[in-house]
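Take a look at the structure set out below.
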Amino acid sequence: MDCQTVIRESRIQATARLVLCGAIVALTIWAIQKGQGTSVSHDRGMLYAVFGVLFFGLLGFRYLWSLIRPGYLIIKSDGLLQDLGWRKLEWKWSELAEVRLDRTAYGLIAVCLVLPHDQPPVRLFGWQKKPSAILGLIENRIVEWRKHHPSALKRQ
């Protein structure tokens, strides 16, 4: 029997991030429209402002997607599946080097960090459960999996 836990993306967090991205884009566009002058520093500032509008505009679309069609994280007996609609990642427990709590954004935001052996790390945040709760669920499933697959420990 395959025991699994399904966790959805948080629409509340997606809404807050979408509003923040929209505010940053709106304020930056307002600042661009108010800006005047042709100095080099002004041109560089304008370049940064345009980059900011593009970056936070695209990020806003990502959170709009999460609001309309929230992704999900499935913690299964044999691994982990993350499906955001636009990106789907799956790992078997044997493919993970480590799973731990980490902090980003100057230590303000806790994330569950998944470290696969041969892939870049993936941060799990923005779900309906706290990162510490997700980590606990993952750790419990890994312990159970190891009980049934002792030979996998020798390969790691």
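To be explicit about the labels: the chains of the structure tokens are called A, B, and onward in the order shown, and within each one the residues are counted from 1, while ligands get numbers from 1 in the order they are shown.
For Ile32 of chain A, the residues within 10 Å (counting only C-alpha atoms, excluding itself and residues fewer than 3 positions away along the chain) are Ala26, Leu27, Thr28, Ile29, Gly35, Gln36, Gly45, Met46, Ala49 and Val50 of chain A.
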Spatial neighbours of segment 99-115 of chain A, 9 Å, only C-alpha atoms, chain gap at least 5 places, as a VMD selection string: chain A and resid 120 to 126 130 to 132 134 to 135 138 to 139
Arg87 of chain A surroundings by only C-alpha atoms, 12 Å radius, close-in-sequence under 5 positions cut, as a PyMOL selection string: chain A and resi 62+65-66+71-73+81-82+122
Per-residue DSSP, segment 2-138 of chain A, filtered to helix (DSSP H, G or I), as a ChimeraX atom specification: /A:11-34,40-68,93-95,131-138
Just the selected residues (C-alpha atoms), exported as a CSV table (one decimal), in the first residue's frame, please.
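To be explicit, this is the file written out as again.csv:
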```
chain,number,residue,atom,x,y,z
A,11,ARG,CA,-3.3,30.6,-2.3
A,12,ILE,CA,-3.0,33.1,0.6
A,13,GLN,CA,0.8,33.2,0.1
A,14,ALA,CA,0.5,33.3,-3.7
A,15,THR,CA,-1.9,36.3,-3.3
A,16,ALA,CA,0.4,38.1,-1.0
A,17,ARG,CA,3.4,37.6,-3.3
A,18,LEU,CA,1.3,38.6,-6.4
A,19,VAL,CA,0.2,41.9,-4.7
A,20,LEU,CA,3.8,42.6,-3.7
A,21,CYS,CA,5.1,42.0,-7.2
A,22,GLY,CA,2.3,44.2,-8.6
A,23,ALA,CA,3.2,47.0,-6.2
A,24,ILE,CA,6.9,46.8,-7.0
A,25,VAL,CA,6.1,46.9,-10.8
A,26,ALA,CA,3.6,49.8,-10.3
A,27,LEU,CA,6.0,51.8,-8.2
A,28,THR,CA,8.9,51.2,-10.5
A,29,ILE,CA,6.9,52.3,-13.6
A,30,TRP,CA,5.7,55.4,-11.7
A,31,ALA,CA,9.4,56.2,-10.8
A,32,ILE,CA,10.4,55.7,-14.5
A,33,GLN,CA,7.7,58.1,-15.6
A,34,LYS,CA,8.7,60.7,-13.0
A,40,VAL,CA,25.1,58.1,-17.1
A,41,SER,CA,23.9,57.3,-13.6
A,42,HIS,CA,20.3,58.0,-14.7
A,43,ASP,CA,20.7,55.7,-17.7
A,44,ARG,CA,22.0,52.9,-15.4
A,45,GLY,CA,19.2,53.5,-13.0
A,46,MET,CA,16.7,53.3,-15.9
A,47,LEU,CA,18.3,50.0,-17.0
A,48,TYR,CA,17.9,48.6,-13.4
A,49,ALA,CA,14.3,49.8,-13.3
A,50,VAL,CA,13.4,48.1,-16.6
A,51,PHE,CA,15.0,44.9,-15.4
A,52,GLY,CA,13.1,45.1,-12.2
A,53,VAL,CA,9.8,45.6,-14.0
A,54,LEU,CA,10.5,42.6,-16.2
A,55,PHE,CA,11.7,40.4,-13.3
A,56,PHE,CA,8.8,41.2,-10.9
A,57,GLY,CA,6.3,41.2,-13.8
A,58,LEU,CA,7.3,37.6,-14.8
A,59,LEU,CA,7.4,36.6,-11.1
A,60,GLY,CA,3.9,38.0,-10.7
A,61,PHE,CA,2.7,35.8,-13.5
A,62,ARG,CA,4.2,32.8,-11.7
A,63,TYR,CA,2.1,33.7,-8.6
A,64,LEU,CA,-1.0,34.4,-10.6
A,65,TRP,CA,-0.6,30.8,-12.0
A,66,SER,CA,-0.3,29.5,-8.4
A,67,LEU,CA,-3.5,31.5,-7.5
A,68,ILE,CA,-5.5,30.1,-10.4
A,93,TRP,CA,14.5,8.8,-1.7
A,94,SER,CA,17.7,7.1,-2.9
A,95,GLU,CA,18.3,10.1,-5.2
A,131,PRO,CA,8.5,24.1,5.9
A,132,SER,CA,9.3,22.5,9.3
A,133,ALA,CA,6.1,20.3,9.1
A,134,ILE,CA,7.0,19.3,5.5
A,135,LEU,CA,10.5,18.4,6.6
A,136,GLY,CA,9.1,16.3,9.4
A,137,LEU,CA,6.8,14.4,7.0
A,138,ILE,CA,9.7,13.8,4.6
```
Spatial neighbours of Ile74 of chain A, 7 Å, only C-alpha atoms, chain gap at least 6 places, as a list in words: Gln4, Thr5, Val6, Ile7, Leu80, Leu81 and Gln82 of chain A
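Nearest residue to Asp83 of chain A, choosing from A:Ser151, A:Arg141, A:Glu98, A:Glu9 and counting only C-alpha atoms: A:Glu9.
Interatomic distance, atom CA of Lys76 of chain A to atom CA of Lys88 of chain A: 15.1 Å.
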Expected answer as a count of residues only: strand (DSSP E) residues in segment 26-133 of chain A: 35
